[in-house]
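Heads up, my_file.tsv below (TSV, C-alpha atoms):
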chain	number	residue	atom	x	y	z
A	1	MET	CA	79.74	72.95	103.07
A	2	PRO	CA	82.89	73.90	105.01
A	3	ARG	CA	83.65	77.58	105.50
A	4	LEU	CA	86.63	79.07	103.67
A	5	THR	CA	89.69	79.92	105.71
A	6	GLU	CA	90.90	83.52	105.46
A	7	LYS	CA	93.82	82.42	103.29
A	8	THR	CA	91.55	80.40	100.99
A	9	ARG	CA	89.17	83.34	100.78
A	10	GLN	CA	92.02	85.71	99.88
A	11	ASP	CA	93.38	83.23	97.31
A	12	ARG	CA	89.93	82.94	95.74
A	13	ARG	CA	89.56	86.74	95.58
A	14	GLU	CA	92.96	86.98	93.90
A	15	GLN	CA	91.98	84.23	91.44
A	16	ILE	CA	88.82	86.16	90.52
A	17	ALA	CA	90.78	89.42	90.28
A	18	ALA	CA	93.32	87.79	87.96
A	19	ALA	CA	90.49	86.61	85.71
A	20	ALA	CA	88.99	90.11	85.73
A	21	MET	CA	92.36	91.67	84.88
A	22	ALA	CA	92.79	89.25	81.97
A	23	CYS	CA	89.39	90.35	80.65
A	24	PHE	CA	90.07	94.05	81.26
A	25	THR	CA	93.42	93.74	79.46
A	26	ARG	CA	91.91	91.92	76.49
A	27	GLN	CA	88.60	93.81	76.13
A	28	GLY	CA	88.85	96.98	78.21
A	29	PHE	CA	86.97	97.74	81.42
A	30	ALA	CA	83.79	99.10	79.82
A	31	ALA	CA	83.40	96.19	77.39
A	32	THR	CA	83.94	93.50	80.05
A	33	SER	CA	80.83	92.02	81.62
A	34	MET	CA	80.53	90.01	84.80
A	35	ALA	CA	79.61	87.05	82.55
A	36	ASP	CA	83.01	87.42	80.85
A	37	ILE	CA	84.77	87.40	84.22
A	38	ILE	CA	82.76	84.39	85.41
A	39	THR	CA	83.68	82.47	82.24
A	40	GLU	CA	87.35	83.48	82.48
A	41	SER	CA	87.58	82.44	86.14
A	42	GLY	CA	85.89	79.06	85.68
A	43	LEU	CA	83.93	79.69	88.88
A	44	SER	CA	80.20	79.93	89.39
A	45	ALA	CA	78.37	83.26	89.48
A	46	GLY	CA	77.49	82.56	93.12
A	47	SER	CA	81.14	82.10	94.00
A	48	ILE	CA	82.09	85.38	92.30
A	49	TYR	CA	79.26	87.33	93.92
A	50	SER	CA	80.05	85.88	97.35
A	51	HIS	CA	83.36	87.76	97.11
A	52	PHE	CA	82.47	90.88	95.11
A	53	SER	CA	79.26	92.90	94.79
A	54	GLY	CA	79.87	93.63	91.10
A	55	LYS	CA	82.30	94.75	88.45
A	56	ALA	CA	83.15	98.08	90.10
A	57	ASP	CA	83.93	96.38	93.42
A	58	LEU	CA	86.06	93.83	91.60
A	59	MET	CA	87.83	96.58	89.63
A	60	ARG	CA	88.76	98.38	92.85
A	61	PHE	CA	90.21	95.20	94.40
A	62	ALA	CA	92.02	94.16	91.21
A	63	SER	CA	93.37	97.68	90.73
A	64	THR	CA	94.95	97.66	94.16
A	65	MET	CA	96.61	94.33	93.36
A	66	LYS	CA	97.83	95.58	89.97
A	67	LEU	CA	99.21	98.90	91.23
A	68	GLN	CA	101.01	97.26	94.13
A	69	SER	CA	102.44	94.41	92.07
A	70	THR	CA	103.57	96.51	89.09
A	71	PHE	CA	105.21	99.30	91.05
A	72	GLY	CA	106.27	96.95	93.83
A	73	LEU	CA	108.30	94.91	91.36
A	74	LEU	CA	109.90	97.98	89.82
A	75	LEU	CA	110.72	99.55	93.17
A	76	GLY	CA	111.56	96.29	94.92
A	77	ASP	CA	114.55	95.77	92.64
A	78	LEU	CA	116.14	98.84	94.17
A	79	GLY	CA	116.43	97.32	97.64
A	80	THR	CA	118.10	99.66	100.09
A	81	PRO	CA	120.28	101.96	98.04
A	82	PRO	CA	123.91	101.49	99.10
A	83	SER	CA	124.82	104.93	97.82
A	84	VAL	CA	123.47	107.97	96.07
A	85	ILE	CA	121.11	107.27	93.17
A	86	ARG	CA	120.70	110.12	90.71
A	87	PRO	CA	117.16	110.84	89.44
A	88	GLY	CA	118.04	109.92	85.84
A	89	VAL	CA	119.44	106.56	86.94
A	90	LEU	CA	116.33	105.88	89.01
A	91	LEU	CA	114.07	106.87	86.12
A	92	ARG	CA	116.02	104.69	83.68
A	93	HIS	CA	115.61	101.72	86.06
A	94	LEU	CA	111.86	102.27	86.33
A	95	LEU	CA	111.29	102.90	82.63
A	96	THR	CA	113.37	99.89	81.59
A	97	GLY	CA	111.25	97.71	83.87
A	98	ALA	CA	108.01	99.23	82.56
A	99	ALA	CA	109.05	99.05	78.90
A	100	GLY	CA	108.53	95.30	78.71
A	101	GLN	CA	105.10	95.32	80.31
A	102	ARG	CA	102.88	96.27	77.37
A	103	ALA	CA	99.67	94.71	78.69
A	104	GLN	CA	100.35	96.10	82.16
A	105	ARG	CA	100.81	99.63	80.81
A	106	GLY	CA	97.45	99.55	79.05
A	107	LEU	CA	95.75	98.19	82.12
A	108	LEU	CA	97.28	100.83	84.38
A	109	ALA	CA	96.11	103.54	81.97
A	110	GLN	CA	92.59	102.12	82.20
A	111	ILE	CA	92.78	102.13	86.00
A	112	TRP	CA	93.91	105.76	86.07
A	113	ILE	CA	91.15	106.80	83.65
A	114	GLU	CA	88.48	104.87	85.55
A	115	SER	CA	89.62	106.46	88.83
A	116	ALA	CA	88.56	109.87	87.47
A	117	ARG	CA	84.92	108.79	87.60
A	118	ASP	CA	84.95	106.30	90.49
A	119	GLY	CA	85.48	107.96	93.87
A	120	GLU	CA	86.41	104.77	95.70
A	121	LEU	CA	88.89	103.73	93.02
A	122	SER	CA	90.30	107.27	93.06
A	123	VAL	CA	91.07	106.87	96.77
A	124	ILE	CA	92.81	103.54	96.13
A	125	VAL	CA	94.88	104.98	93.26
A	126	HIS	CA	95.78	108.04	95.35
A	127	GLU	CA	96.90	105.87	98.29
A	128	ASN	CA	99.02	103.64	96.05
A	129	LEU	CA	100.62	106.59	94.28
A	130	ALA	CA	101.36	108.20	97.66
A	131	GLN	CA	103.18	105.04	98.76
A	132	ILE	CA	105.17	104.99	95.52
A	133	HIS	CA	106.03	108.67	95.98
A	134	ASP	CA	107.25	108.04	99.54
A	135	ARG	CA	109.47	105.19	98.35
A	136	LEU	CA	110.96	107.29	95.55
A	137	GLN	CA	111.51	110.21	97.90
A	138	THR	CA	113.39	107.93	100.30
A	139	VAL	CA	115.55	106.56	97.48
A	140	LEU	CA	116.32	110.09	96.23
A	141	LEU	CA	117.02	111.62	99.66
A	142	PRO	CA	120.80	110.93	99.69
A	143	TRP	CA	121.07	112.60	96.25
A	144	ALA	CA	119.01	115.56	97.49
A	145	GLN	CA	121.23	115.91	100.56
A	146	GLU	CA	124.20	116.33	98.25
A	147	GLN	CA	122.33	119.10	96.41
A	148	ASP	CA	120.97	121.06	99.37
A	149	THR	CA	121.15	119.91	102.97
A	150	THR	CA	118.67	122.55	104.21
A	151	ALA	CA	115.72	121.46	102.06
A	152	ALA	CA	116.76	117.95	101.06
A	153	ARG	CA	113.42	116.33	101.85
A	154	ASP	CA	111.51	118.87	99.74
A	155	THR	CA	114.05	118.51	96.92
A	156	ALA	CA	113.73	114.71	97.00
A	157	GLY	CA	109.93	115.00	97.11
A	158	GLY	CA	109.88	117.34	94.12
A	159	MET	CA	112.12	115.07	92.11
A	160	ALA	CA	110.01	112.04	93.12
A	161	ASP	CA	107.01	113.91	91.64
A	162	ALA	CA	108.96	114.51	88.43
A	163	VAL	CA	110.02	110.85	88.17
A	164	MET	CA	106.45	109.67	88.73
A	165	ALA	CA	105.00	112.11	86.19
A	166	VAL	CA	107.53	111.10	83.54
A	167	MET	CA	106.93	107.42	84.26
A	168	GLN	CA	103.15	107.76	83.98
A	169	GLY	CA	103.53	109.77	80.78
A	170	PHE	CA	105.89	107.10	79.42
A	171	MET	CA	103.34	104.37	80.11
A	172	VAL	CA	100.49	106.33	78.52
A	173	ARG	CA	102.61	107.31	75.49
A	174	LEU	CA	103.58	103.71	74.80
A	175	THR	CA	99.98	102.59	75.30
A	176	VAL	CA	98.64	104.98	72.66
A	177	ASP	CA	101.66	104.65	70.34
A	178	PRO	CA	102.91	101.05	70.66
A	179	ALA	CA	105.18	101.38	67.62
A	180	LEU	CA	107.53	103.65	69.57
A	181	ASP	CA	110.89	102.20	70.56
A	182	ALA	CA	110.39	101.94	74.32
A	183	ASP	CA	114.09	101.57	75.10
A	184	ALA	CA	115.07	104.59	73.01
A	185	LEU	CA	112.32	106.69	74.59
A	186	ALA	CA	113.40	105.58	78.08
A	187	SER	CA	116.99	106.56	77.30
A	188	ARG	CA	116.00	110.01	76.00
A	189	LEU	CA	113.79	110.73	79.00
A	190	SER	CA	116.43	109.59	81.49
A	191	THR	CA	119.10	111.69	79.78
A	192	ALA	CA	116.81	114.72	79.87
A	193	LEU	CA	116.19	114.24	83.60
A	194	ASP	CA	119.93	113.81	84.22
A	195	ALA	CA	120.50	117.18	82.58
A	196	LEU	CA	118.24	118.85	85.15
A	197	ASP	CA	120.15	117.79	88.28
Go ahead and render the structure in this file as structure tokens.
Amino acid sequence: MPRLTEKTRQDRREQIAAAAMACFTRQGFAATSMADIITESGLSAGSIYSHFSGKADLMRFASTMKLQSTFGLLLGDLGTPPSVIRPGVLLRHLLTGAAGQRAQRGLLAQIWIESARDGELSVIVHENLAQIHDRLQTVLLPWAQEQDTTAARDTAGGMADAVMAVMQGFMVRLTVDPALDADALASRLSTALDALD
């Protein structure tokens, strides 16, 4: 049997991870078995286990993909800011993008909860959140320089923390209370953040 190329191997891992994420989204992490993932993927057990040692290993890989893709899409839309972006405007952009991702919100909440008990997943989540923070801090730096040129980086970093905390709270709130009007909540939160700067 021919050996897989690195690209084919990566594609196969992503295929398996996508199947796992579909199961986690539908059933939750705890209720999903490896048999469920094998069935969802359409691959053999041997193929799955040649790429992942088990469900926890697969969860860590899939979580990295999910965190990077979800936040990457939201942040990627920003490009290189041509001018100053106020924190409320940035938050509104992020919340509007997250509002339409109901399944993604629930899955991210599961990842964050699972990271509290899984040390390796905790490291992955921490690294991804640190990258997101750095990107937000960079986007907010011109605004912070207008506020205080002596401590602009700290000001931008503090506001990046605030934006992230509100965004995570927004995702959790909509996950546990899906009847809420996501757009109205996003508008209220953005307006409240605008009032602070």
Would you list the contacts of Leu108 in chain A as a PyMOL selection string, taking every protein, DNA or RNA residue within 10 Å and counting all atoms listed in the file, but skipping same-chain residues closer than 4 positions in sequence? chain A and resi 25+63+66-67+70+103-104+112-114+168+171-172+175
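The two atoms in question, CA of Pro87 in chain A and CA of Arg153 in chain A, are spaced 14.1 Å apart.
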Please identify all polymer residues within 9 Å of Ile38 in chain A, counting all atoms listed in the file, omitting same-chain residues fewer than 5 positions from it, and present them as a ChimeraX atom specification. /A:16,19-20,33,43-45,48
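Once Asp134 in chain A and its same-chain neighbours fewer than 5 positions away are set aside, Leu75, Glu127, Asn128, Leu129, Val139, Leu140, Leu141, Arg153, Asp154, Ala156, Gly157, Gly158, Met159, Ala160, Asp161 and Met164 of chain A remain within 12 Å of it when counting only C-alpha atoms.
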Of the residues A:Leu95, A:Val89, A:Ile124, A:Cys23, which is the one nearest to Phe61 in chain A, using all atoms listed in the file? A:Ile124
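Nearest to Trp143 in chain A of all the residues A:Thr96, A:Ala165, A:Ile85, A:Leu189 is A:Ile85, counting all atoms listed in the file.
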What is the distance, in Å and to one decimal place, between CA of Asp11 in chain A and CA of Met65 in chain A?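 So the two atoms, CA of Asp11 in chain A and CA of Met65 in chain A, lie 12.2 Å apart.
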Find, counting all atoms listed in the file, the residue in A:Ala17, A:Leu90, A:Ala62, A:Ala22 that gets nearest to Val163 in chain A.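 Comparing A:Ala17, A:Leu90, A:Ala62, A:Ala22 against Val163 in chain A, the winner is A:Leu90.
Considering the residues A:Gln68, A:Ser50, A:Arg117, A:Gly97 and counting only C-alpha atoms, Ala130 in chain A has its shortest atom-to-atom contact with A:Gln68.
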